[in-house]
file final-v7.pdb (PDB, C-alpha atoms)
ATOM      1  CA  MET U   1      19.750   2.620 -75.021
ATOM      2  CA  GLY U   2      19.681   6.051 -73.341
ATOM      3  CA  PHE U   3      15.960   6.240 -74.048
ATOM      4  CA  ARG U   4      15.368   2.886 -72.353
ATOM      5  CA  ALA U   5      17.402   3.856 -69.272
ATOM      6  CA  SER U   6      15.527   7.135 -68.975
ATOM      7  CA  THR U   7      12.226   5.349 -69.360
ATOM      8  CA  ILE U   8      13.107   2.794 -66.679
ATOM      9  CA  GLN U   9      14.356   5.527 -64.312
ATOM     10  CA  LEU U  10      11.179   7.528 -64.849
ATOM     11  CA  ALA U  11       9.041   4.461 -64.183
ATOM     12  CA  LEU U  12      10.940   3.600 -60.990
ATOM     13  CA  ALA U  13      10.700   7.210 -59.792
ATOM     14  CA  SER U  14       6.950   7.192 -60.423
ATOM     15  CA  ILE U  15       6.504   3.940 -58.491
ATOM     16  CA  PHE U  16       8.617   5.251 -55.587
ATOM     17  CA  THR U  17       6.752   8.562 -55.489
ATOM     18  CA  ALA U  18       3.377   6.831 -55.535
ATOM     19  CA  THR U  19       4.400   4.346 -52.823
ATOM     20  CA  LEU U  20       6.094   6.735 -50.374
ATOM     21  CA  PRO U  21       2.904   8.386 -49.011
ATOM     22  CA  GLN U  22       1.345   4.964 -48.542
ATOM     23  CA  LEU U  23       4.374   3.772 -46.548
ATOM     24  CA  ALA U  24       4.233   6.881 -44.335
ATOM     25  CA  VAL U  25       0.554   6.275 -43.641
ATOM     26  CA  ALA U  26       1.221   2.595 -42.982
ATOM     27  CA  ASP U  27       3.928   3.467 -40.427
ATOM     28  CA  GLN U  28       1.426   5.720 -38.614
ATOM     29  CA  THR U  29      -1.114   2.902 -38.410
ATOM     30  CA  ASP U  30      -0.034   1.721 -34.947
ATOM     31  CA  ILE U  31      -0.406   5.231 -33.496
ATOM     32  CA  LEU U  32      -3.761   5.769 -35.180
ATOM     33  CA  THR U  33      -4.989   2.382 -33.930
ATOM     34  CA  ALA U  34      -3.871   3.171 -30.371
ATOM     35  CA  ASN U  35      -5.888   6.401 -30.591
ATOM     36  CA  ASN U  36      -9.091   4.611 -31.618
ATOM     37  CA  GLN U  37      -9.953   2.491 -28.589
ATOM     38  CA  ILE U  38     -12.313   1.719 -25.766
ATOM     39  CA  GLN U  39     -10.326   0.843 -22.619
ATOM     40  CA  LEU U  40     -10.995  -0.593 -19.175
ATOM     41  CA  GLN U  41      -8.288   0.010 -16.562
ATOM     42  CA  ALA U  42      -7.426  -1.159 -13.062
ATOM     43  CA  ILE U  43      -5.975   1.816 -11.163
ATOM     44  CA  SER U  44      -4.076   2.387  -7.930
ATOM     45  CA  THR U  45      -3.809   6.059  -6.890
ATOM     46  CA  HIS U  46      -1.331   7.180  -4.272
ATOM     47  CA  VAL U  47      -2.896  10.132  -2.443
ATOM     48  CA  ASP U  48      -0.535  12.710  -0.934
ATOM     49  CA  TYR U  49      -2.555  15.501   0.711
ATOM     50  CA  ALA U  50      -1.637  18.067   3.369
ATOM     51  CA  GLU U  51      -3.316  21.081   4.971
ATOM     52  CA  HIS U  52      -1.044  23.832   6.238
ATOM     53  CA  ASP U  53      -0.835  27.343   7.619
ATOM     54  CA  GLN U  54       2.046  29.737   8.197
ATOM     55  CA  PHE U  55       3.331  27.546  11.047
ATOM     56  CA  GLY U  56       3.459  24.240   9.162
ATOM     57  CA  ILE U  57       1.362  21.133   8.438
ATOM     58  CA  LEU U  58      -1.989  20.839  10.226
ATOM     59  CA  ASP U  59      -2.999  17.407   8.973
ATOM     60  CA  SER U  60      -2.221  15.034   6.100
ATOM     61  CA  GLU U  61      -3.511  11.947   4.318
ATOM     62  CA  ARG U  62      -1.417   9.474   2.371
ATOM     63  CA  GLY U  63      -2.088   6.038   0.981
ATOM     64  CA  ASP U  64      -2.821   3.872  -2.053
ATOM     65  CA  VAL U  65      -6.468   3.837  -3.100
ATOM     66  CA  PRO U  66      -7.596   1.205  -5.665
ATOM     67  CA  GLY U  67     -10.084   1.871  -8.424
ATOM     68  CA  PHE U  68     -11.004   1.505 -12.078
ATOM     69  CA  GLY U  69     -11.195   3.658 -15.181
ATOM     70  CA  ILE U  70     -13.051   3.676 -18.494
ATOM     71  CA  SER U  71     -11.892   5.658 -21.507
ATOM     72  CA  TYR U  72     -12.902   6.232 -25.101
ATOM     73  CA  SER U  73     -10.621   7.823 -27.676
ATOM     74  CA  ALA U  74     -11.002   8.456 -31.390
ATOM     75  CA  MET U  75      -8.914  10.049 -34.143
ATOM     76  CA  TRP U  76     -10.568  10.834 -37.459
ATOM     77  CA  GLY U  77     -10.388  13.044 -40.544
ATOM     78  CA  ASN U  78      -7.283  15.247 -40.510
ATOM     79  CA  ASN U  79      -6.170  13.587 -37.249
ATOM     80  CA  TYR U  80      -8.784  15.303 -35.078
ATOM     81  CA  TYR U  81      -8.629  13.766 -31.607
ATOM     82  CA  LEU U  82     -11.224  13.152 -28.891
ATOM     83  CA  GLN U  83     -10.823  11.408 -25.527
ATOM     84  CA  LEU U  84     -13.433  10.840 -22.809
ATOM     85  CA  GLN U  85     -12.180   9.517 -19.465
ATOM     86  CA  TYR U  86     -13.897   8.406 -16.233
ATOM     87  CA  SER U  87     -12.295   6.924 -13.110
ATOM     88  CA  ARG U  88     -13.367   6.081  -9.570
ATOM     89  CA  ASN U  89     -11.199   5.029  -6.617
ATOM     90  CA  ASN U  90     -12.453   3.797  -3.268
ATOM     91  CA  GLY U  91     -10.396   2.768  -0.227
ATOM     92  CA  ASP U  92      -8.542   4.117   2.809
ATOM     93  CA  THR U  93      -5.683   6.483   3.558
ATOM     94  CA  ARG U  94      -3.561   7.068   6.669
ATOM     95  CA  TYR U  95      -4.673  10.250   8.424
ATOM     96  CA  VAL U  96      -2.244  12.187  10.618
ATOM     97  CA  GLY U  97      -3.574  15.270  12.406
ATOM     98  CA  GLN U  98      -4.161  16.858  15.775
ATOM     99  CA  ALA U  99      -7.009  16.971  18.263
ATOM    100  CA  LEU U 100      -9.148  20.098  18.315
ATOM    101  CA  ILE U 101      -9.106  20.054  22.121
ATOM    102  CA  GLY U 102      -6.114  18.958  24.181
ATOM    103  CA  GLY U 103      -3.972  18.045  21.180
ATOM    104  CA  THR U 104      -0.201  18.384  21.214
ATOM    105  CA  GLY U 105       0.224  19.415  17.606
ATOM    106  CA  TYR U 106       0.598  17.608  14.307
ATOM    107  CA  GLY U 107       0.976  13.863  14.835
ATOM    108  CA  SER U 108      -1.068  13.660  18.034
ATOM    109  CA  VAL U 109      -3.871  11.910  16.081
ATOM    110  CA  VAL U 110      -3.254   8.977  13.714
ATOM    111  CA  ASP U 111      -6.129   7.090  12.108
ATOM    112  CA  ARG U 112      -7.504   5.503   8.942
ATOM    113  CA  SER U 113      -9.732   7.602   6.727
ATOM    114  CA  GLY U 114     -12.055   6.483   3.952
ATOM    115  CA  ALA U 115     -11.482   7.991   0.520
ATOM    116  CA  THR U 116     -13.624   7.979  -2.613
ATOM    117  CA  ILE U 117     -12.169   9.825  -5.604
ATOM    118  CA  THR U 118     -14.097  10.457  -8.825
ATOM    119  CA  ASP U 119     -12.647  12.091 -11.932
ATOM    120  CA  TYR U 120     -13.970  12.655 -15.433
ATOM    121  CA  SER U 121     -12.632  14.680 -18.333
ATOM    122  CA  ALA U 122     -12.870  15.388 -22.061
ATOM    123  CA  ARG U 123     -10.027  16.227 -24.444
ATOM    124  CA  LEU U 124     -10.260  17.661 -27.949
ATOM    125  CA  GLY U 125      -7.249  18.247 -30.167
ATOM    126  CA  ARG U 126      -5.522  17.535 -33.446
ATOM    127  CA  GLY U 127      -2.529  15.340 -34.250
ATOM    128  CA  PHE U 128       0.424  16.417 -36.369
ATOM    129  CA  VAL U 129       2.707  13.850 -38.019
ATOM    130  CA  LEU U 130       6.334  14.805 -37.266
ATOM    131  CA  THR U 131       7.922  11.686 -38.760
ATOM    132  CA  ASP U 132       6.569   8.349 -39.944
ATOM    133  CA  LYS U 133       6.874   7.091 -36.346
ATOM    134  CA  VAL U 134       6.104  10.215 -34.280
ATOM    135  CA  MET U 135       2.889  12.194 -33.770
ATOM    136  CA  LEU U 136       2.332  15.292 -31.633
ATOM    137  CA  THR U 137      -1.238  16.092 -30.561
ATOM    138  CA  PRO U 138      -1.938  19.441 -28.830
ATOM    139  CA  TYR U 139      -5.309  19.478 -27.060
ATOM    140  CA  GLY U 140      -7.615  21.313 -24.713
ATOM    141  CA  GLU U 141      -9.056  19.518 -21.686
ATOM    142  CA  LEU U 142     -12.036  20.177 -19.423
ATOM    143  CA  GLY U 143     -12.597  18.036 -16.322
ATOM    144  CA  HIS U 144     -14.094  17.544 -12.857
ATOM    145  CA  HIS U 145     -12.602  16.169  -9.626
ATOM    146  CA  ARG U 146     -14.410  15.009  -6.463
ATOM    147  CA  TRP U 147     -12.857  13.661  -3.260
ATOM    148  CA  GLU U 148     -15.104  12.323  -0.507
ATOM    149  CA  ARG U 149     -12.900  12.374   2.570
ATOM    150  CA  GLY U 150     -13.787  10.251   5.584
ATOM    151  CA  VAL U 151     -12.382  12.436   8.368
ATOM    152  CA  ASN U 152     -14.746  13.662  11.110
ATOM    153  CA  GLU U 153     -18.305  13.116   9.807
ATOM    154  CA  GLY U 154     -17.227  13.483   6.196
ATOM    155  CA  GLU U 155     -15.798  16.222   3.974
ATOM    156  CA  THR U 156     -16.254  16.533   0.216
ATOM    157  CA  TYR U 157     -13.904  18.535  -1.990
ATOM    158  CA  THR U 158     -14.812  19.332  -5.604
ATOM    159  CA  HIS U 159     -13.446  21.423  -8.425
ATOM    160  CA  ASP U 160     -13.622  21.803 -12.181
ATOM    161  CA  TYR U 161     -10.572  22.550 -14.294
ATOM    162  CA  PHE U 162      -9.470  23.495 -17.780
ATOM    163  CA  GLY U 163      -6.060  23.108 -19.356
ATOM    164  CA  ILE U 164      -3.931  22.953 -22.477
ATOM    165  CA  GLY U 165      -1.684  19.983 -23.087
ATOM    166  CA  ALA U 166       0.014  17.787 -25.648
ATOM    167  CA  LEU U 167       0.497  14.093 -26.371
ATOM    168  CA  ALA U 168       3.789  12.981 -27.901
ATOM    169  CA  GLN U 169       3.493   9.477 -29.360
ATOM    170  CA  TYR U 170       6.266   7.269 -30.744
ATOM    171  CA  SER U 171       6.089   3.800 -32.284
ATOM    172  CA  PRO U 172       9.615   2.324 -32.044
ATOM    173  CA  VAL U 173       8.614  -1.145 -33.279
ATOM    174  CA  PRO U 174       5.456  -2.566 -34.839
ATOM    175  CA  LYS U 175       2.452  -2.925 -32.473
ATOM    176  CA  LEU U 176       4.020  -0.810 -29.701
ATOM    177  CA  VAL U 177       3.137   2.860 -29.059
ATOM    178  CA  LEU U 178       4.778   4.933 -26.322
ATOM    179  CA  THR U 179       3.032   8.109 -25.129
ATOM    180  CA  ALA U 180       4.152  11.089 -23.027
ATOM    181  CA  ASN U 181       1.594  13.629 -21.838
ATOM    182  CA  LEU U 182       1.888  17.112 -20.288
ATOM    183  CA  LEU U 183      -0.890  19.512 -19.260
ATOM    184  CA  ALA U 184      -0.981  22.900 -17.532
ATOM    185  CA  GLY U 185      -4.308  24.293 -16.373
ATOM    186  CA  ARG U 186      -6.331  26.035 -13.714
ATOM    187  CA  THR U 187      -9.012  24.920 -11.257
ATOM    188  CA  PHE U 188     -12.343  26.742 -10.911
ATOM    189  CA  ASN U 189     -15.517  26.237  -8.845
ATOM    190  CA  ALA U 190     -13.400  24.781  -6.016
ATOM    191  CA  ASP U 191     -15.629  23.981  -3.040
ATOM    192  CA  ILE U 192     -15.782  22.116   0.288
ATOM    193  CA  ASP U 193     -18.831  20.615   1.994
ATOM    194  CA  VAL U 194     -18.304  19.537   5.630
ATOM    195  CA  ALA U 195     -20.966  17.143   6.954
ATOM    196  CA  GLY U 196     -22.268  17.012  10.516
ATOM    197  CA  SER U 197     -24.279  19.101  12.894
ATOM    198  CA  ALA U 198     -23.859  22.766  13.839
ATOM    199  CA  PRO U 199     -21.524  24.439  14.472
ATOM    200  CA  TYR U 200     -19.068  22.089  12.710
ATOM    201  CA  ALA U 201     -20.930  21.640   9.409
ATOM    202  CA  PHE U 202     -20.441  24.223   6.683
ATOM    203  CA  SER U 203     -20.030  24.692   2.937
ATOM    204  CA  ALA U 204     -17.641  27.191   1.396
ATOM    205  CA  SER U 205     -15.766  28.123  -1.743
ATOM    206  CA  LEU U 206     -12.041  27.398  -1.863
ATOM    207  CA  GLY U 207      -9.327  29.382  -3.580
ATOM    208  CA  ASN U 208      -8.578  28.276  -7.147
ATOM    209  CA  ALA U 209      -5.035  27.538  -8.272
ATOM    210  CA  ASP U 210      -2.834  26.170 -11.040
ATOM    211  CA  LEU U 211      -3.108  22.485 -11.941
ATOM    212  CA  TYR U 212      -0.507  20.279 -13.644
ATOM    213  CA  LYS U 213      -0.606  16.795 -15.133
ATOM    214  CA  ALA U 214       2.130  14.569 -16.507
ATOM    215  CA  GLY U 215       2.052  10.971 -17.649
ATOM    216  CA  ILE U 216       3.679   8.183 -19.633
ATOM    217  CA  ALA U 217       2.022   5.136 -21.137
ATOM    218  CA  ALA U 218       2.640   2.119 -23.345
ATOM    219  CA  ASP U 219       0.114   0.453 -25.654
ATOM    220  CA  TYR U 220       0.778  -2.956 -27.223
ATOM    221  CA  ALA U 221      -1.442  -4.591 -29.849
ATOM    222  CA  PHE U 222      -1.609  -8.309 -29.072
ATOM    223  CA  THR U 223      -4.009  -8.656 -32.005
ATOM    224  CA  LYS U 224      -5.559  -6.192 -34.453
ATOM    225  CA  ASN U 225      -8.341  -5.385 -31.974
ATOM    226  CA  PHE U 226      -7.038  -6.534 -28.554
ATOM    227  CA  HIS U 227      -4.596  -4.167 -26.823
ATOM    228  CA  GLY U 228      -2.843  -4.064 -23.455
ATOM    229  CA  THR U 229      -1.904  -0.790 -21.754
ATOM    230  CA  LEU U 230       0.302   0.352 -18.881
ATOM    231  CA  GLY U 231       0.370   3.915 -17.570
ATOM    232  CA  LEU U 232       1.779   6.226 -14.906
ATOM    233  CA  ASP U 233       0.081   9.605 -14.250
ATOM    234  CA  TYR U 234       0.810  12.470 -11.879
ATOM    235  CA  THR U 235      -1.563  15.318 -10.920
ATOM    236  CA  SER U 236      -0.748  18.380  -8.809
ATOM    237  CA  PHE U 237      -3.059  21.146  -7.556
ATOM    238  CA  ASP U 238      -3.702  23.318  -4.495
ATOM    239  CA  TYR U 239      -6.726  24.752  -2.700
ATOM    240  CA  GLY U 240      -6.725  28.205  -1.171
ATOM    241  CA  ASP U 241      -8.323  28.710   2.246
ATOM    242  CA  SER U 242     -12.066  29.291   2.659
ATOM    243  CA  ALA U 243     -13.966  32.027   4.438
ATOM    244  CA  VAL U 244     -14.647  31.524   8.177
ATOM    245  CA  SER U 245     -18.021  29.892   8.877
ATOM    246  CA  SER U 246     -20.628  31.191  11.322
ATOM    247  CA  GLY U 247     -19.362  28.586  13.802
ATOM    248  CA  GLY U 248     -15.837  29.938  13.603
ATOM    249  CA  PHE U 249     -14.408  27.144  11.418
ATOM    250  CA  TYR U 250     -12.681  27.393   8.046
ATOM    251  CA  GLU U 251     -10.755  25.245   5.582
ATOM    252  CA  PRO U 252      -7.035  26.110   5.449
ATOM    253  CA  ASP U 253      -4.717  26.083   2.427
ATOM    254  CA  SER U 254      -3.905  22.607   1.137
ATOM    255  CA  ARG U 255      -1.902  20.814  -1.523
ATOM    256  CA  THR U 256      -2.668  17.574  -3.364
ATOM    257  CA  ARG U 257      -0.153  15.405  -5.250
ATOM    258  CA  ASN U 258      -1.735  12.226  -6.659
ATOM    259  CA  THR U 259       0.159   9.525  -8.561
ATOM    260  CA  SER U 260      -1.741   6.771 -10.400
ATOM    261  CA  ILE U 261      -0.580   3.475 -11.902
ATOM    262  CA  SER U 262      -2.937   1.808 -14.364
ATOM    263  CA  VAL U 263      -3.066  -1.518 -16.204
ATOM    264  CA  GLY U 264      -5.723  -1.953 -18.849
ATOM    265  CA  ILE U 265      -7.154  -3.815 -21.778
ATOM    266  CA  GLY U 266      -8.542  -2.128 -24.858
ATOM    267  CA  TYR U 267     -10.610  -2.836 -27.928
ATOM    268  CA  ALA U 268      -9.371  -0.999 -31.027
ATOM    269  CA  PHE U 269     -11.896  -0.128 -33.722
TER
END
call {"tool": "encode", "arguments": {"input": "final-v7.pdb", "output": "C-alpha cells"}}
result
Amino acid sequence: MGFRASTIQLALASIFTATLPQLAVADQTDILTANNQIQLQAISTHVDYAEHDQFGILDSERGDVPGFGISYSAMWGNNYYLQLQYSRNNGDTRYVGQALIGGTGYGSVVDRSGATITDYSARLGRGFVLTDKVMLTPYGELGHHRWERGVNEGETYTHDYFGIGALAQYSPVPKLVLTANLLAGRTFNADIDVAGSAPYAFSASLGNADLYKAGIAADYAFTKNFHGTLGLDYTSFDYGDSAVSSGGFYEPDSRTRNTSISVGIGYAF
C-alpha cells in the first residue's frame, strides 16, 4: 500500500512539475500578445510651451493639437523587444506674446498660431518575467522631434534624443494588459530655423538639455487579433538659448511640456 501511495504521489508531482512552466507561459500570453501588434491611434496633444529670460516669460503657446500615430512592436526569442513609433499632429495653439515695437510686455499680443508636430522613435530592449502576470522591459530609445511653429513667418524647432527607460506591464485579468512607462534621456542636434527675409530670418543651434517621458496605457483584446488601446503620455524638455544672429536676433531659453491622449486599434500577430 505504501508503494502505491508513493507511486501515485510521484506521478502527481511529475504531472504538476511538467505543467507548471506551461501555466506560467500561458499567463504571460496576454502580455506577449500586447507586445506583438501593429496599431493605429487617434491622438490629441496638449502643447505647453514658453520662452523666458531672467525677467520672466517672453511668449507662450498652449492648446490641444489633434493628430494620429502608427506603431509596430514585436517581442521574440528570449523576450527581446522592438518598437517603432511615428506620430503627426496638425492644428492651432493660442499664442500670447509681446510686440517687438511699442509692446507693453507679455500679454500685449494674443493670437492663434499654427502647429505641426512630428515625432518618430525606435526602442530596443528585453523583457524579464517577474511573476506570471508581471513583466519588466528595460530598453534604449532613439528618436526625433520636429515642431513647425506658425508665429511670424514660421519657425521650425528640431532635435534628436536618446534615453534609457523601462516598461512595467501587468495583466490583472484575462485579455487586459496595463502598462506604465518611464524614460530619462538627453536631446542633441537641437536647432531652430526662422523663416522670412533679412534681418529676421536665421538658423542656429540651440542648447541641449535633459528629456523625460512618462506614460500609462491599457490594452484590451476584444478578439485574438483585434485589440483596443487607451494611453496617456507626458514629455518634458528644454532648449537653451541660441547665438545672436547677424541681424541682432536670437532664440531665448524655452521649456516644452506636452501631454498626449491616444485611442487606438491594433492587430495582434
call {"tool": "closest_residue", "arguments": {"input": "final-v7.pdb", "among": "U:Thr187, U:Arg149, U:Asp59, U:Thr29", "to": "U:Met135", "atoms": "all atoms listed in the file"}}
result
U:Thr29
call {"tool": "atom_distance", "arguments": {"input": "final-v7.pdb", "atom1": "atom CA of U:Gly150", "atom2": "atom CA of U:Leu40"}}
result
27.2 Å
call {"tool": "atom_distance", "arguments": {"input": "final-v7.pdb", "atom1": "atom CA of U:Thr235", "atom2": "atom CA of U:Leu32"}}
result
26.2 Å
call {"tool": "resolve_selection", "arguments": {"input": "final-v7.pdb", "expression": "the PyMOL selection byres ((chain U and resi 50) around 8)", "output": "PDB file with C-alpha atoms, in the frame of the given file"}}
result
ATOM      1  CA  ASP U  48      -0.535  12.710  -0.934  1.00  0.00           C
ATOM      2  CA  TYR U  49      -2.555  15.501   0.711  1.00  0.00           C
ATOM      3  CA  GLU U  51      -3.316  21.081   4.971  1.00  0.00           C
ATOM      4  CA  HIS U  52      -1.044  23.832   6.238  1.00  0.00           C
ATOM      5  CA  ILE U  57       1.362  21.133   8.438  1.00  0.00           C
ATOM      6  CA  LEU U  58      -1.989  20.839  10.226  1.00  0.00           C
ATOM      7  CA  ASP U  59      -2.999  17.407   8.973  1.00  0.00           C
ATOM      8  CA  SER U  60      -2.221  15.034   6.100  1.00  0.00           C
ATOM      9  CA  GLU U  61      -3.511  11.947   4.318  1.00  0.00           C
ATOM     10  CA  SER U 254      -3.905  22.607   1.137  1.00  0.00           C
ATOM     11  CA  ARG U 255      -1.902  20.814  -1.523  1.00  0.00           C
ATOM     12  CA  THR U 256      -2.668  17.574  -3.364  1.00  0.00           C
TER      13      THR U 256
END
call {"tool": "resolve_selection", "arguments": {"input": "final-v7.pdb", "expression": "the PyMOL selection byres ((chain U and resi 222) around 12)", "output": "PyMOL selection string"}}
result
chain U and resi 30+34+174-176+219-221+223-229+265-268
call {"tool": "residues_around", "arguments": {"input": "final-v7.pdb", "residues": "U:Ile43", "least_positions_apart": "6", "cutoff": "12 Å", "atoms": "all atoms listed in the file", "output": "ChimeraX atom specification"}}
result
/U:64-70,86-91,117,229-233,259-264
call {"tool": "atom_distance", "arguments": {"input": "final-v7.pdb", "atom1": "atom CA of U:Ala190", "atom2": "atom CA of U:Ala115"}}
result
18.1 Å
call {"tool": "resolve_selection", "arguments": {"input": "final-v7.pdb", "expression": "the PyMOL selection byres ((chain U and resi 124) around 10)", "output": "VMD selection string"}}
result
chain U and resid 73 to 75 80 to 84 122 to 123 125 to 126 137 to 142 164
call {"tool": "closest_residue", "arguments": {"input": "final-v7.pdb", "among": "U:Phe269, U:Asp253, U:Ala218, U:Gly105", "to": "U:Val177", "atoms": "all atoms listed in the file"}}
result
U:Ala218
call {"tool": "residues_around", "arguments": {"input": "final-v7.pdb", "residues": "stretch 209-212 of chain U", "least_positions_apart": "2", "cutoff": "10 Å", "atoms": "all atoms listed in the file", "output": "PyMOL selection string"}}
result
chain U and resi 161-165+182-188+190+206-207+214+234-240+256-257
call {"tool": "residues_around", "arguments": {"input": "final-v7.pdb", "residues": "U:Tyr170", "least_positions_apart": "2", "cutoff": "7 Å", "atoms": "all atoms listed in the file", "output": "ChimeraX atom specification"}}
result
/U:133-135,168,172,177-179
call {"tool": "residues_near_point", "arguments": {"input": "final-v7.pdb", "point": "(-13.5, 25.5, 7.9)", "cutoff": "10 Å", "atoms": "all atoms listed in the file", "output": "list in words"}}
result
Ile192, Asp193, Val194, Tyr200, Ala201, Phe202, Ser203, Ala204, Asp241, Ser242, Ala243, Val244, Ser245, Ser246, Gly247, Gly248, Phe249, Tyr250, Glu251 and Pro252 of chain U
call {"tool": "closest_residue", "arguments": {"input": "final-v7.pdb", "among": "U:Arg94, U:His159, U:Arg146, U:Lys213", "to": "U:Asn189", "atoms": "all atoms listed in the file"}}
result
U:His159
call {"tool": "axis_aligned_box", "arguments": {"input": "final-v7.pdb", "around": "stretch 33-51 of chain U", "padding_each_side": "3 Å", "output": "JSON"}}
result
{"center_x": -6.4, "center_y": 10.0, "center_z": -14.5, "size_x": 17.8, "size_y": 28.2, "size_z": 44.9}
call {"tool": "closest_residue", "arguments": {"input": "final-v7.pdb", "among": "U:Ile38, U:Ser44, U:Thr131, U:Asp191", "to": "U:His145", "atoms": "all atoms listed in the file"}}
result
U:Asp191
call {"tool": "decode", "arguments": {"input": "final-v7.pdb", "residues": "stretch 25-42 of chain U", "atoms": "N, CA, C and O atoms", "output": "compact mmCIF listing (two decimals), in the first residue's frame"}}
result
# COMPACT_ATOMS: atom_id res chain seq x y z
N VAL U 25 3.81 30.26 -18.71
CA VAL U 25 3.87 30.81 -20.06
C VAL U 25 2.49 31.24 -20.52
O VAL U 25 2.30 32.29 -21.11
N ALA U 26 1.48 30.41 -20.20
CA ALA U 26 0.12 30.73 -20.62
C ALA U 26 -0.34 32.04 -19.99
O ALA U 26 -1.00 32.85 -20.62
N ASP U 27 0.02 32.28 -18.70
CA ASP U 27 -0.40 33.50 -18.04
C ASP U 27 0.30 34.73 -18.60
O ASP U 27 -0.17 35.84 -18.43
N GLN U 28 1.46 34.55 -19.25
CA GLN U 28 2.17 35.64 -19.89
C GLN U 28 1.66 35.92 -21.30
O GLN U 28 2.08 36.89 -21.92
N THR U 29 0.76 35.09 -21.78
CA THR U 29 0.32 35.19 -23.18
C THR U 29 -0.28 36.56 -23.49
O THR U 29 -0.01 37.14 -24.54
N ASP U 30 -1.10 37.09 -22.58
CA ASP U 30 -1.74 38.38 -22.85
C ASP U 30 -0.71 39.50 -23.00
O ASP U 30 -0.85 40.37 -23.86
N ILE U 31 0.33 39.49 -22.16
CA ILE U 31 1.38 40.49 -22.26
C ILE U 31 2.16 40.33 -23.56
O ILE U 31 2.43 41.30 -24.28
N LEU U 32 2.51 39.09 -23.88
CA LEU U 32 3.25 38.84 -25.12
C LEU U 32 2.43 39.24 -26.34
O LEU U 32 2.96 39.82 -27.29
N THR U 33 1.13 38.96 -26.31
CA THR U 33 0.27 39.34 -27.43
C THR U 33 0.18 40.85 -27.57
O THR U 33 0.23 41.39 -28.68
N ALA U 34 0.06 41.55 -26.43
CA ALA U 34 0.00 43.02 -26.47
C ALA U 34 1.28 43.61 -27.04
O ALA U 34 1.27 44.71 -27.61
N ASN U 35 2.41 42.90 -26.89
CA ASN U 35 3.69 43.39 -27.38
C ASN U 35 4.00 42.96 -28.81
O ASN U 35 5.09 43.25 -29.30
N ASN U 36 3.07 42.31 -29.45
CA ASN U 36 3.23 41.91 -30.86
C ASN U 36 2.05 42.46 -31.66
O ASN U 36 1.09 41.76 -31.93
N GLN U 37 2.13 43.74 -32.00
CA GLN U 37 0.99 44.43 -32.61
C GLN U 37 1.42 45.47 -33.63
O GLN U 37 2.51 46.03 -33.54
N ILE U 38 0.49 45.75 -34.53
CA ILE U 38 0.52 46.95 -35.36
C ILE U 38 -0.67 47.80 -34.92
O ILE U 38 -1.80 47.29 -34.87
N GLN U 39 -0.44 49.07 -34.58
CA GLN U 39 -1.50 49.93 -34.04
C GLN U 39 -1.67 51.21 -34.85
O GLN U 39 -0.70 51.75 -35.39
N LEU U 40 -2.90 51.68 -34.90
CA LEU U 40 -3.24 52.99 -35.44
C LEU U 40 -3.96 53.76 -34.35
O LEU U 40 -4.93 53.26 -33.77
N GLN U 41 -3.48 54.99 -34.07
CA GLN U 41 -4.02 55.76 -32.95
C GLN U 41 -4.50 57.13 -33.38
O GLN U 41 -3.90 57.76 -34.26
N ALA U 42 -5.59 57.57 -32.76
CA ALA U 42 -6.01 58.98 -32.82
C ALA U 42 -5.43 59.66 -31.59
O ALA U 42 -5.54 59.15 -30.47
